[in-house]
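Asker: What follows is entry_17.txt; its format and atoms are compact mmCIF, C-alpha atoms.
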```txt
# COMPACT_ATOMS: atom_id res chain seq x y z
CA MET A 1 167.44 188.18 56.51
CA SER A 2 166.49 188.21 60.19
CA ILE A 3 165.22 184.63 59.91
CA TYR A 4 168.77 183.47 59.17
CA LEU A 5 170.06 185.41 62.16
CA GLN A 6 167.45 183.65 64.28
CA ILE A 7 168.58 180.28 62.94
CA ILE A 8 172.18 181.17 63.84
CA GLU A 9 171.13 182.29 67.34
CA VAL A 10 169.16 179.11 68.06
CA SER A 11 171.98 176.95 66.64
CA PHE A 12 174.45 178.76 68.89
CA TRP A 13 172.37 177.67 71.88
CA ALA A 14 172.20 174.14 70.46
CA GLY A 15 176.02 174.15 70.40
CA LEU A 16 176.14 175.32 74.03
CA ALA A 17 173.66 172.59 75.00
CA ALA A 18 175.89 170.01 73.30
CA VAL A 19 178.90 171.24 75.31
CA GLY A 20 176.84 171.15 78.53
CA PHE A 21 176.05 167.50 77.96
CA GLY A 22 179.63 166.85 76.92
CA VAL A 23 180.76 168.11 80.33
CA LEU A 24 178.18 165.84 82.01
CA PHE A 25 179.62 162.89 80.03
CA ASN A 26 183.17 164.01 80.93
CA ILE A 27 184.52 164.51 77.39
CA PRO A 28 188.25 165.39 77.12
CA LYS A 29 188.97 169.14 77.33
CA LYS A 30 190.52 169.19 73.84
CA THR A 31 187.25 168.10 72.21
CA ILE A 32 184.98 170.79 73.72
CA LEU A 33 185.35 173.20 70.78
CA THR A 34 184.69 170.38 68.29
CA VAL A 35 181.56 169.32 70.16
CA PHE A 36 180.33 172.92 70.14
CA LEU A 37 180.90 173.22 66.37
CA LEU A 38 179.14 169.91 65.67
CA GLY A 39 176.18 170.93 67.84
CA PHE A 40 176.07 174.27 66.02
CA LEU A 41 176.24 172.66 62.55
CA GLY A 42 173.60 170.08 63.49
CA GLY A 43 171.39 172.92 64.69
CA VAL A 44 171.94 174.95 61.50
CA THR A 45 171.06 171.91 59.35
CA LYS A 46 167.92 171.12 61.33
CA PHE A 47 166.55 174.66 61.69
CA PHE A 48 167.40 175.59 58.10
CA LEU A 49 165.40 172.59 56.86
CA LEU A 50 162.56 173.32 59.29
CA ASN A 51 162.49 176.87 57.90
CA PHE A 52 161.70 175.41 54.46
CA GLU A 53 158.88 173.39 56.03
CA VAL A 54 160.66 170.07 55.82
CA ASN A 55 159.09 167.58 58.24
CA ILE A 56 160.82 167.58 61.64
CA ILE A 57 161.52 163.83 61.47
CA LEU A 58 163.34 164.15 58.13
CA ALA A 59 165.14 167.30 59.31
CA SER A 60 166.35 165.49 62.46
CA LEU A 61 167.50 162.52 60.36
CA LEU A 62 169.52 164.72 57.99
CA ALA A 63 171.01 166.73 60.86
CA SER A 64 172.05 163.60 62.72
CA ILE A 65 173.55 162.09 59.54
CA THR A 66 175.54 165.34 59.13
CA ILE A 67 176.85 165.01 62.69
CA GLY A 68 177.58 161.29 62.26
CA LEU A 69 179.55 161.75 59.03
CA LEU A 70 181.48 164.80 60.27
CA SER A 71 182.39 163.07 63.53
CA ILE A 72 183.94 160.18 61.59
CA ARG A 73 185.98 162.58 59.43
CA LEU A 74 187.04 164.51 62.56
CA ALA A 75 188.16 161.31 64.32
CA HIS A 76 190.89 161.07 61.66
CA VAL A 77 192.04 164.64 62.28
CA ILE A 78 191.94 164.93 66.08
CA HIS A 79 192.62 161.46 67.39
CA TYR A 80 189.61 160.58 69.52
CA PRO A 81 186.94 157.92 68.93
CA PRO A 82 183.92 159.28 66.97
CA VAL A 83 181.40 158.59 69.79
CA VAL A 84 183.05 161.31 71.87
CA PHE A 85 182.00 164.00 69.35
CA ALA A 86 178.89 162.34 67.99
CA ILE A 87 176.72 161.70 71.04
CA PRO A 88 176.74 165.08 72.92
CA PRO A 89 175.46 167.10 69.87
CA MET A 90 172.56 164.63 69.43
CA ILE A 91 171.15 165.29 72.89
CA PRO A 92 169.69 168.78 72.07
CA MET A 93 167.70 167.18 69.24
CA ILE A 94 165.92 164.72 71.54
CA PRO A 95 162.18 165.48 71.17
CA GLY A 96 161.44 166.36 74.79
CA PHE A 97 158.70 168.81 73.84
CA TYR A 98 156.67 166.13 72.03
CA ALA A 99 157.22 163.71 74.90
CA TYR A 100 155.89 166.34 77.30
CA GLN A 101 152.83 167.10 75.15
CA ALA A 102 152.02 163.39 74.81
CA LEU A 103 152.40 162.89 78.54
CA ILE A 104 150.11 165.81 79.40
CA ALA A 105 147.48 164.48 76.98
CA ILE A 106 147.71 160.99 78.58
CA MET A 107 147.27 162.56 82.02
CA LYS A 108 144.24 164.57 80.95
CA TYR A 109 142.77 161.45 79.33
CA ALA A 110 143.25 159.41 82.49
CA LEU A 111 141.63 162.05 84.68
CA LEU A 112 138.75 162.82 82.29
CA GLU A 113 135.16 161.72 82.98
CA SER A 114 134.50 158.69 80.79
CA THR A 115 131.25 160.15 79.32
CA ASN A 116 132.97 163.03 77.51
CA HIS A 117 133.61 161.23 74.21
CA VAL A 118 134.44 164.28 72.05
CA GLU A 119 137.15 165.46 74.40
CA GLN A 120 138.45 161.89 74.64
CA LEU A 121 138.84 161.71 70.84
CA VAL A 122 140.72 165.03 70.76
CA LEU A 123 143.08 163.77 73.47
CA ILE A 124 143.62 160.41 71.72
CA SER A 125 144.66 162.20 68.53
CA LYS A 126 147.04 164.39 70.58
CA ILE A 127 148.54 161.33 72.28
CA PHE A 128 149.10 159.58 68.96
CA TYR A 129 150.43 162.62 67.07
CA ASN A 130 152.90 163.68 69.77
CA GLY A 131 153.86 160.17 70.84
CA PHE A 132 154.60 158.90 67.35
CA THR A 133 156.43 162.09 66.31
CA MET A 134 158.63 161.62 69.38
CA LEU A 135 159.25 157.95 68.63
CA PHE A 136 160.12 158.53 64.97
CA ILE A 137 162.43 161.47 65.76
CA LEU A 138 164.25 159.25 68.27
CA ILE A 139 164.62 156.48 65.69
CA ALA A 140 165.78 159.03 63.09
CA LEU A 141 168.42 160.42 65.46
CA ILE A 142 169.72 156.99 66.38
CA LEU A 143 169.76 155.83 62.75
CA GLY A 144 171.54 159.00 61.68
CA ILE A 145 174.29 158.51 64.24
CA SER A 146 174.67 154.73 63.94
CA LEU A 147 174.42 154.28 60.17
CA PRO A 148 177.55 156.29 59.19
CA MET A 149 179.50 154.49 61.93
CA LEU A 150 178.26 151.04 60.93
CA LEU A 151 178.54 151.64 57.18
CA LEU A 152 181.86 153.44 56.90
CA ARG A 153 183.77 151.61 59.56
CA LYS A 154 184.27 147.86 59.32
CA SER A 155 185.74 147.68 62.79
CA SER A 156 187.46 151.01 63.44
CA VAL A 157 188.26 154.36 61.82
CA LYS A 158 191.93 153.72 62.50
CA GLU A 159 192.04 150.46 60.52
CA GLY A 160 193.93 152.09 57.62
CA ALA A 161 196.68 153.23 59.98
CA LEU A 162 197.43 149.70 61.28
CA PRO A 163 200.97 148.52 60.45
CA LYS A 164 200.64 145.27 58.52
CA MET B 165 206.10 125.32 84.18
CA TYR B 166 202.44 124.48 83.64
CA MET B 167 201.33 126.44 86.72
CA ASP B 168 203.33 129.48 85.58
CA GLU B 169 201.45 129.46 82.30
CA ILE B 170 198.06 129.21 84.01
CA ASN B 171 198.98 132.01 86.42
CA SER B 172 200.08 134.33 83.63
CA LEU B 173 196.88 133.52 81.71
CA LYS B 174 194.86 134.29 84.85
CA GLU B 175 196.64 137.64 85.21
CA LYS B 176 195.86 138.50 81.56
CA THR B 177 192.19 137.51 81.96
CA ASP B 178 191.86 139.73 85.03
CA LEU B 179 193.33 142.65 83.08
CA ILE B 180 191.06 142.11 80.06
CA LEU B 181 188.00 141.87 82.33
CA GLU B 182 189.01 145.03 84.16
CA ILE B 183 189.30 146.89 80.84
CA SER B 184 185.95 145.66 79.54
CA SER B 185 184.20 146.46 82.81
CA LEU B 186 185.67 149.99 82.77
CA LEU B 187 184.42 150.48 79.20
CA MET B 188 180.91 149.22 79.96
CA VAL B 189 180.62 151.45 83.03
CA SER B 190 181.74 154.48 80.99
CA GLY B 191 179.01 153.96 78.40
CA ALA B 192 180.74 152.27 75.46
CA SER B 193 178.68 150.28 72.96
CA THR B 194 179.21 146.52 73.02
CA ALA B 195 180.94 146.53 69.63
CA ARG B 196 183.45 149.03 71.02
CA VAL B 197 184.05 146.89 74.12
CA ASN B 198 184.70 143.85 71.94
CA SER B 199 187.02 145.62 69.50
CA ASN B 200 189.09 147.02 72.39
CA ILE B 201 189.33 143.58 74.03
CA GLU B 202 190.37 142.10 70.70
CA ARG B 203 193.22 144.61 70.32
CA PHE B 204 194.53 144.16 73.86
CA SER B 205 194.34 140.37 73.76
CA SER B 206 196.18 140.25 70.43
CA VAL B 207 198.98 142.28 72.07
CA LEU B 208 199.04 139.72 74.92
CA ASN B 209 199.28 136.90 72.32
CA CYS B 210 195.82 135.55 73.23
CA GLU B 211 192.36 135.24 71.78
CA ALA B 212 189.36 136.45 73.76
CA SER B 213 185.70 135.46 73.45
CA SER B 214 183.29 137.23 75.71
CA PHE B 215 179.64 137.43 76.63
CA VAL B 216 178.70 140.96 77.65
CA SER B 217 175.50 141.64 79.57
CA HIS B 218 174.25 144.67 81.48
CA LYS B 219 175.47 143.60 84.94
CA SER B 220 178.27 141.12 84.24
CA ILE B 221 180.86 140.03 81.68
CA VAL B 222 182.12 136.49 80.98
CA THR B 223 185.42 136.17 79.14
CA THR B 224 187.43 133.17 78.02
CA LEU B 225 191.02 133.90 77.13
CA SER B 226 193.01 131.30 75.22
CA ASP B 227 196.73 131.43 74.66
CA LYS B 228 197.64 131.36 70.95
CA ASN B 229 200.66 129.09 71.45
CA SER B 230 199.76 126.63 74.19
CA LYS B 231 195.95 126.69 73.54
CA GLU B 232 195.38 126.81 77.31
CA THR B 233 192.17 128.62 78.29
CA PHE B 234 191.00 130.55 81.34
CA THR B 235 187.42 131.70 81.99
CA LYS B 236 186.19 134.24 84.50
CA VAL B 237 183.01 136.21 85.25
CA VAL B 238 183.10 139.74 86.61
CA ASN B 239 180.26 141.92 87.91
CA ILE B 240 179.92 145.43 86.51
CA PRO B 241 179.39 148.25 89.02
CA GLY B 242 176.80 150.98 88.44
CA HIS B 243 177.08 152.75 85.09
CA GLN B 244 178.51 156.25 85.07
CA ILE B 245 179.15 157.76 81.64
CA ASN B 246 182.71 158.96 81.14
CA PHE B 247 183.84 159.53 77.54
CA GLN B 248 187.35 160.45 78.61
CA ILE B 249 187.90 156.87 79.84
CA ILE B 250 186.58 155.47 76.54
CA ALA B 251 188.88 157.77 74.55
CA SER B 252 191.95 156.97 76.70
CA ILE B 253 191.45 153.19 76.57
CA SER B 254 190.95 153.34 72.80
CA LYS B 255 194.17 155.35 72.41
CA ALA B 256 196.06 152.98 74.72
CA SER B 257 194.89 149.95 72.71
CA TRP B 258 196.33 151.45 69.49
CA SER B 259 199.62 152.44 71.14
CA ALA B 260 199.85 148.94 72.61
CA ILE B 261 199.59 147.40 69.13
CA GLU B 262 201.98 149.88 67.53
CA ASP B 263 204.67 149.71 70.23
CA GLY B 264 204.11 146.08 71.32
CA TRP B 265 203.45 146.80 75.01
CA ASP B 266 203.91 144.05 77.62
CA ILE B 267 201.36 143.32 80.35
CA GLY B 268 203.06 145.57 82.94
CA ARG B 269 202.92 148.59 80.62
CA ILE B 270 199.22 147.99 79.85
CA LYS B 271 198.46 147.61 83.56
CA SER B 272 200.13 150.88 84.48
CA GLU B 273 198.29 152.64 81.64
CA ILE B 274 194.92 151.26 82.85
CA ASP B 275 195.77 152.46 86.37
CA ASN B 276 196.32 155.94 84.90
CA VAL B 277 192.96 155.72 83.12
CA LYS B 278 191.23 154.80 86.39
CA ASN B 279 192.61 157.98 87.98
CA ILE B 280 191.04 160.27 85.37
CA VAL B 281 189.16 162.97 87.27
CA ARG B 282 185.71 164.26 86.35
CA TYR B 283 184.96 167.95 85.96
CA PRO B 284 184.26 169.62 89.36
CA ARG B 285 180.65 169.33 90.51
CA ILE B 286 179.93 173.06 90.18
CA VAL B 287 181.27 173.09 86.59
CA VAL B 288 178.98 170.18 85.67
CA LEU B 289 176.00 171.88 87.35
CA LEU B 290 176.62 175.17 85.51
CA ALA B 291 177.30 173.52 82.13
CA VAL B 292 174.20 171.33 82.26
CA SER B 293 172.09 174.30 83.37
CA ILE B 294 173.35 176.31 80.40
CA ALA B 295 172.39 173.32 78.26
CA GLY B 296 168.92 173.45 79.83
CA ALA B 297 168.63 177.14 78.94
CA GLY B 298 169.75 176.28 75.40
CA PHE B 299 167.03 173.59 75.15
CA CYS B 300 164.47 176.15 76.23
CA LYS B 301 165.63 178.49 73.44
CA ILE B 302 165.37 175.64 70.91
CA PHE B 303 161.77 174.94 71.96
CA GLY B 304 160.76 178.56 71.55
CA GLY B 305 161.28 180.10 75.00
CA ASP B 306 162.33 183.74 75.44
CA TYR B 307 165.18 184.90 77.68
CA SER B 308 163.17 184.92 80.93
CA ASN B 309 161.97 181.36 80.16
CA MET B 310 165.59 180.42 79.58
CA LEU B 311 166.61 181.88 82.93
CA MET B 312 163.94 179.80 84.67
CA ALA B 313 165.01 176.69 82.73
CA PHE B 314 168.57 177.37 83.93
CA VAL B 315 167.44 177.60 87.56
CA SER B 316 165.19 174.53 87.44
CA THR B 317 167.84 172.39 85.72
CA PHE B 318 170.42 173.51 88.29
CA ILE B 319 168.25 172.57 91.27
CA GLY B 320 166.98 169.36 89.65
CA LEU B 321 170.47 168.13 88.78
CA PHE B 322 171.69 169.05 92.26
CA ILE B 323 168.96 166.88 93.80
CA ALA B 324 169.60 164.00 91.37
CA GLN B 325 173.36 164.10 92.11
CA SER B 326 172.80 164.30 95.87
CA SER B 327 170.45 161.32 95.91
CA HIS B 328 173.01 159.39 93.83
CA LYS B 329 175.68 160.26 96.41
CA LYS B 330 173.42 159.14 99.25
CA GLY B 331 173.17 155.77 97.49
CA PHE B 332 169.46 155.90 96.61
CA ASN B 333 168.10 153.66 93.88
CA HIS B 334 169.06 155.23 90.54
CA TYR B 335 165.48 155.49 89.28
CA ILE B 336 164.29 157.12 92.51
CA GLY B 337 167.07 159.68 92.07
CA VAL B 338 165.83 160.36 88.52
CA TYR B 339 162.25 160.68 89.81
CA LEU B 340 163.29 163.15 92.52
CA GLY B 341 165.35 165.17 90.03
CA ALA B 342 162.49 165.33 87.51
CA PHE B 343 159.96 166.21 90.22
CA THR B 344 162.13 169.02 91.62
CA ALA B 345 163.06 170.47 88.24
CA SER B 346 159.49 170.48 86.92
CA SER B 347 158.15 171.89 90.21
CA VAL B 348 160.54 174.85 89.97
CA ALA B 349 159.50 175.28 86.34
CA TYR B 350 155.82 175.24 87.37
CA ILE B 351 156.54 178.06 89.85
CA SER B 352 157.58 180.16 86.84
CA ALA B 353 154.32 179.20 85.11
CA TYR B 354 152.34 180.16 88.23
CA TYR B 355 153.86 183.66 88.32
CA ARG B 356 153.65 183.93 84.49
CA ILE B 357 157.36 184.56 83.96
CA GLY B 358 158.15 184.80 80.23
CA MET B 359 156.04 184.28 77.11
CA SER B 360 155.90 180.47 76.93
CA PRO B 361 156.19 178.79 80.35
CA GLU B 362 155.34 175.40 78.78
CA ALA B 363 158.72 175.54 77.01
CA THR B 364 160.38 175.92 80.42
CA ILE B 365 158.39 173.05 81.94
CA SER B 366 159.03 170.62 79.10
CA THR B 367 162.75 171.42 78.85
CA SER B 368 163.50 171.54 82.59
CA VAL B 369 163.69 167.72 82.81
CA LEU B 370 165.55 167.05 79.56
CA PHE B 371 168.93 166.78 81.32
CA LEU B 372 167.77 163.41 82.69
CA ILE B 373 166.96 161.87 79.27
CA PRO B 374 168.98 158.63 78.88
CA GLY B 375 170.43 159.53 75.48
CA VAL B 376 173.54 157.35 75.70
CA ALA B 377 171.55 154.28 76.83
CA LEU B 378 169.08 154.66 73.95
CA ILE B 379 171.74 155.29 71.28
CA ASN B 380 173.86 152.35 72.51
CA SER B 381 170.76 150.17 72.60
CA PHE B 382 169.98 150.76 68.93
CA SER B 383 173.58 150.50 67.77
CA ASP B 384 173.90 147.16 69.62
CA MET B 385 170.72 145.87 68.01
CA LEU B 386 171.89 146.97 64.54
CA ASP B 387 174.99 144.91 65.32
CA ASN B 388 172.83 141.80 66.06
CA ARG B 389 173.43 141.96 69.82
CA PHE B 390 169.76 141.80 70.76
CA LEU B 391 170.04 140.73 74.41
CA ILE B 392 172.21 143.61 75.59
CA GLY B 393 170.37 145.94 73.18
CA MET B 394 167.02 145.07 74.80
CA ALA B 395 168.57 145.44 78.27
CA ARG B 396 169.77 148.95 77.42
CA LEU B 397 166.43 149.83 75.83
CA VAL B 398 164.51 148.72 78.92
CA ASN B 399 166.94 150.69 81.10
CA GLY B 400 166.27 153.78 78.96
CA LEU B 401 162.51 153.24 79.08
CA VAL B 402 162.46 152.83 82.86
CA ILE B 403 164.44 156.07 83.26
CA THR B 404 162.04 157.82 80.85
CA SER B 405 159.02 156.60 82.85
CA ALA B 406 160.66 157.81 86.06
CA ILE B 407 160.98 161.26 84.45
CA ALA B 408 157.36 161.08 83.29
CA PHE B 409 156.17 160.18 86.81
CA GLY B 410 158.15 163.12 88.19
CA VAL B 411 156.48 165.56 85.78
CA PHE B 412 153.12 163.86 86.38
CA SER B 413 153.39 164.41 90.16
CA SER B 414 154.31 168.07 89.89
CA THR B 415 151.54 168.65 87.30
CA LEU B 416 148.98 167.14 89.69
CA ILE B 417 150.18 169.43 92.48
CA TYR B 418 150.12 172.47 90.15
CA ASN B 419 146.55 171.67 89.10
CA LEU B 420 145.49 171.88 92.77
CA PHE B 421 146.59 175.53 92.83
CA VAL B 422 145.11 176.87 89.56
```
As structure tokens, please, write out the structure in this file.

Answerer:
Amino acid sequence: MSIYLQIIEVSFWAGLAAVGFGVLFNIPKKTILTVFLLGFLGGVTKFFLLNFEVNIILASLLASITIGLLSIRLAHVIHYPPVVFAIPPMIPMIPGFYAYQALIAIMKYALLESTNHVEQLVLISKIFYNGFTMLFILIALILGISLPMLLLRKSSVKEGALPK
Amino acid sequence: MYMDEINSLKEKTDLILEISSLLMVSGASTARVNSNIERFSSVLNCEASSFVSHKSIVTTLSDKNSKETFTKVVNIPGHQINFQIIASISKASWSAIEDGWDIGRIKSEIDNVKNIVRYPRIVVLLAVSIAGAGFCKIFGGDYSNMLMAFVSTFIGLFIAQSSHKKGFNHYIGVYLGAFTASSVAYISAYYRIGMSPEATISTSVLFLIPGVALINSFSDMLDNRFLIGMARLVNGLVITSAIAFGVFSSTLIYNLFV
């Protein structure tokens, strides 16, 4: 049971992080609660899947698709463009930790004596593992947010409401 | 008669260019800029074709009745993300279509949009620092790590904002912010505050990540706008390398002490 409480706690912080970035991007005051909820739901999706040992790339993709789809539905309810809700909750999912690990490995590699081949191989595998995980998570996030918008909306969510 | 027509077309082109420049500065994707221009120009009884690049916009406006055209280029000032401007312009474009606004009404609405205020600096600093603490939690830090992530994000963002205000090059501001934030985080590693100081170090610089640039870059490229998509991607990559250099510098300094 406590594992679910932990998921909720971490997701709560993901929601707060989404709001923090929302404030940096100057989102309208009325959308702050929505952004928090989307960040929270994205976090719940991602950490729940990670708990069942789903790969982090797939988990990020599904979480970002959840956020993308919900933000389009919400744009109908509270009348703001979907980007306003969709982008701030994605920021906490950006794989900064992998970027950092890859960077540290690159630094160590650059500063290593060139005769130490075993250590070099270990570092190369670290660079590739962390670097590519970071790259694919980024692509997954961007796909997850762009695909619902590009697929569901021909030109705008409001198209149906246009007087003909 | 003819000059009147040209002058009114010139006025409309200026307005359309002002709107598109505002949208680009606020961080809208190119498809959004174009759809907003399309709505406003249809209200003004014109058709607009535009070429949008990272630093300038070219628009040709042609009157639907007389088929007269007017072309103008405008330079875009430095980008500063503001979703409230994007939301307000989008709303205004729909109201303009529904209520058939004239050019004066649109102009006064755009003037209102330009006066939208940002959140006060201290609110932004606190909110982003809380976000930094949240990141640290996500990457497995405990509460003392989170406190240090809060402090380092606060100081780092303060430095980045101040260098922006002083008119430094944007990337140098990012470098200084990343260097300061990661240095403060390394202080917590030096004094062994919390269980996983590496979570603090790696999350202290995340507030600088160019998320909007990267997301817009990919959505532009999925929309077949490769030039502006590549421009945004390169912008994002240069910012990311500036962050990496900042962390690199503070790591080198830290390694001198341990």

Asker: Output the contact residues of chain B with respect to chain A at a cut-off of 9 Å, based on all atoms listed in the file, as a ChimeraX atom specification.

Answerer: /B:190,192,195-196,199,244-252,254-255,258,261-262,281-283,287-299,301-303,362-363,365-367,369-371,373,375-376,378-380,382-383,386-387,408,411-412,415

Asker: Out of B:Ser206, B:Ser346, B:Thr317, B:Ser405, which residue has the shortest atom-to-atom distance to B:Pro374 when counting all atoms listed in the file?

Answerer: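 Ranked by minimum distance to B:Pro374, first place goes to B:Ser405.
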
Asker: Just how far from atom CA of B:Leu397 is atom CA of B:Gly191, in Å to one decimal?

Answerer: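 So the two atoms, atom CA of B:Gly191 and atom CA of B:Leu397, lie 13.5 Å apart.
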
Asker: Determine, counting all atoms listed in the file, every residue of protein, DNA or RNA that lies within 6 Å of (186.2, 134.9, 78.4) in the file coordinates, then give the result as a ChimeraX atom specification.

Answerer: /B:212-214,222-225,235

Asker: Given all atoms listed in the file as the basis, pick out the residue of A:Leu112, A:Thr45, A:Asn51, A:Val35 nearest to A:Ile65.

Answerer: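 Nearest to A:Ile65: A:Thr45.
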
Asker: Atom CA of B:Leu321 and atom CA of B:Phe409, how far apart in Å?

Answerer: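 Taking atom CA of B:Phe409 and atom CA of B:Leu321, their separation equals 16.5 Å.
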
Asker: Given only C-alpha atoms as the basis, pick out the residue of B:Arg396, B:Lys330, B:Arg389, B:Arg285 nearest to B:Asn198.

Answerer: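 Of the candidates, the smallest distance to B:Asn198 is held by B:Arg389.
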
Asker: Just give me the gap between atom CA of A:Ile57 and atom CA of A:Met134 in Å, one decimal is fine.

Answerer: 8.7 Å

Asker: Quick one: of A:Ile3, A:Phe136, A:Leu69, A:Ile127, who's nearest to A:Phe52, counting all atoms listed in the file?

Answerer: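 Ranked by minimum distance to A:Phe52, first place goes to A:Ile3.
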
Asker: Working from the structure I just supplied, which lacks atoms in stretch 268-287 of chain B, can you model N, CA and C atoms there and output them as a short mmCIF file (atom, residue, chain, number, x, y, z; two decimals), in the coordinates of the input?

Answerer:
```
data_model
loop_
_atom_site.label_atom_id
_atom_site.label_comp_id
_atom_site.auth_asym_id
_atom_site.auth_seq_id
_atom_site.Cartn_x
_atom_site.Cartn_y
_atom_site.Cartn_z
N GLY B 268 202.82 144.57 81.90
CA GLY B 268 203.06 145.57 82.94
C GLY B 268 202.75 146.98 82.46
N ARG B 269 203.16 147.26 81.20
CA ARG B 269 202.92 148.59 80.62
C ARG B 269 201.41 148.85 80.48
N ILE B 270 200.67 147.83 80.01
CA ILE B 270 199.22 147.99 79.85
C ILE B 270 198.58 148.24 81.21
N LYS B 271 199.03 147.45 82.22
CA LYS B 271 198.46 147.61 83.56
C LYS B 271 198.65 149.02 84.08
N SER B 272 199.89 149.55 83.92
CA SER B 272 200.13 150.88 84.48
C SER B 272 199.31 151.91 83.73
N GLU B 273 199.10 151.71 82.41
CA GLU B 273 198.29 152.64 81.64
C GLU B 273 196.83 152.61 82.11
N ILE B 274 196.31 151.38 82.38
CA ILE B 274 194.92 151.26 82.85
C ILE B 274 194.77 151.90 84.23
N ASP B 275 195.84 151.78 85.06
CA ASP B 275 195.77 152.46 86.37
C ASP B 275 195.68 153.97 86.19
N ASN B 276 196.43 154.50 85.18
CA ASN B 276 196.32 155.94 84.90
C ASN B 276 194.92 156.30 84.49
N VAL B 277 194.31 155.44 83.62
CA VAL B 277 192.96 155.72 83.12
C VAL B 277 191.97 155.77 84.28
N LYS B 278 192.17 154.84 85.27
CA LYS B 278 191.23 154.80 86.39
C LYS B 278 191.31 156.06 87.24
N ASN B 279 192.47 156.76 87.16
CA ASN B 279 192.61 157.98 87.98
C ASN B 279 192.13 159.24 87.28
N ILE B 280 191.54 159.09 86.08
CA ILE B 280 191.04 160.27 85.37
C ILE B 280 189.97 160.94 86.23
N VAL B 281 190.12 162.26 86.43
CA VAL B 281 189.16 162.97 87.27
C VAL B 281 188.01 163.50 86.41
N ARG B 282 186.85 163.63 87.03
CA ARG B 282 185.71 164.26 86.35
C ARG B 282 185.83 165.77 86.52
N TYR B 283 185.02 166.51 85.75
CA TYR B 283 184.96 167.95 85.96
C TYR B 283 184.39 168.21 87.35
N PRO B 284 184.79 169.33 88.02
CA PRO B 284 184.26 169.62 89.36
C PRO B 284 182.74 169.74 89.32
N ARG B 285 182.11 169.40 90.47
CA ARG B 285 180.65 169.33 90.51
C ARG B 285 180.01 170.64 90.06
N ILE B 286 180.56 171.78 90.50
CA ILE B 286 179.93 173.06 90.18
C ILE B 286 180.02 173.34 88.67
N VAL B 287 181.13 172.90 88.04
CA VAL B 287 181.27 173.09 86.59
C VAL B 287 180.19 172.29 85.86
#
```
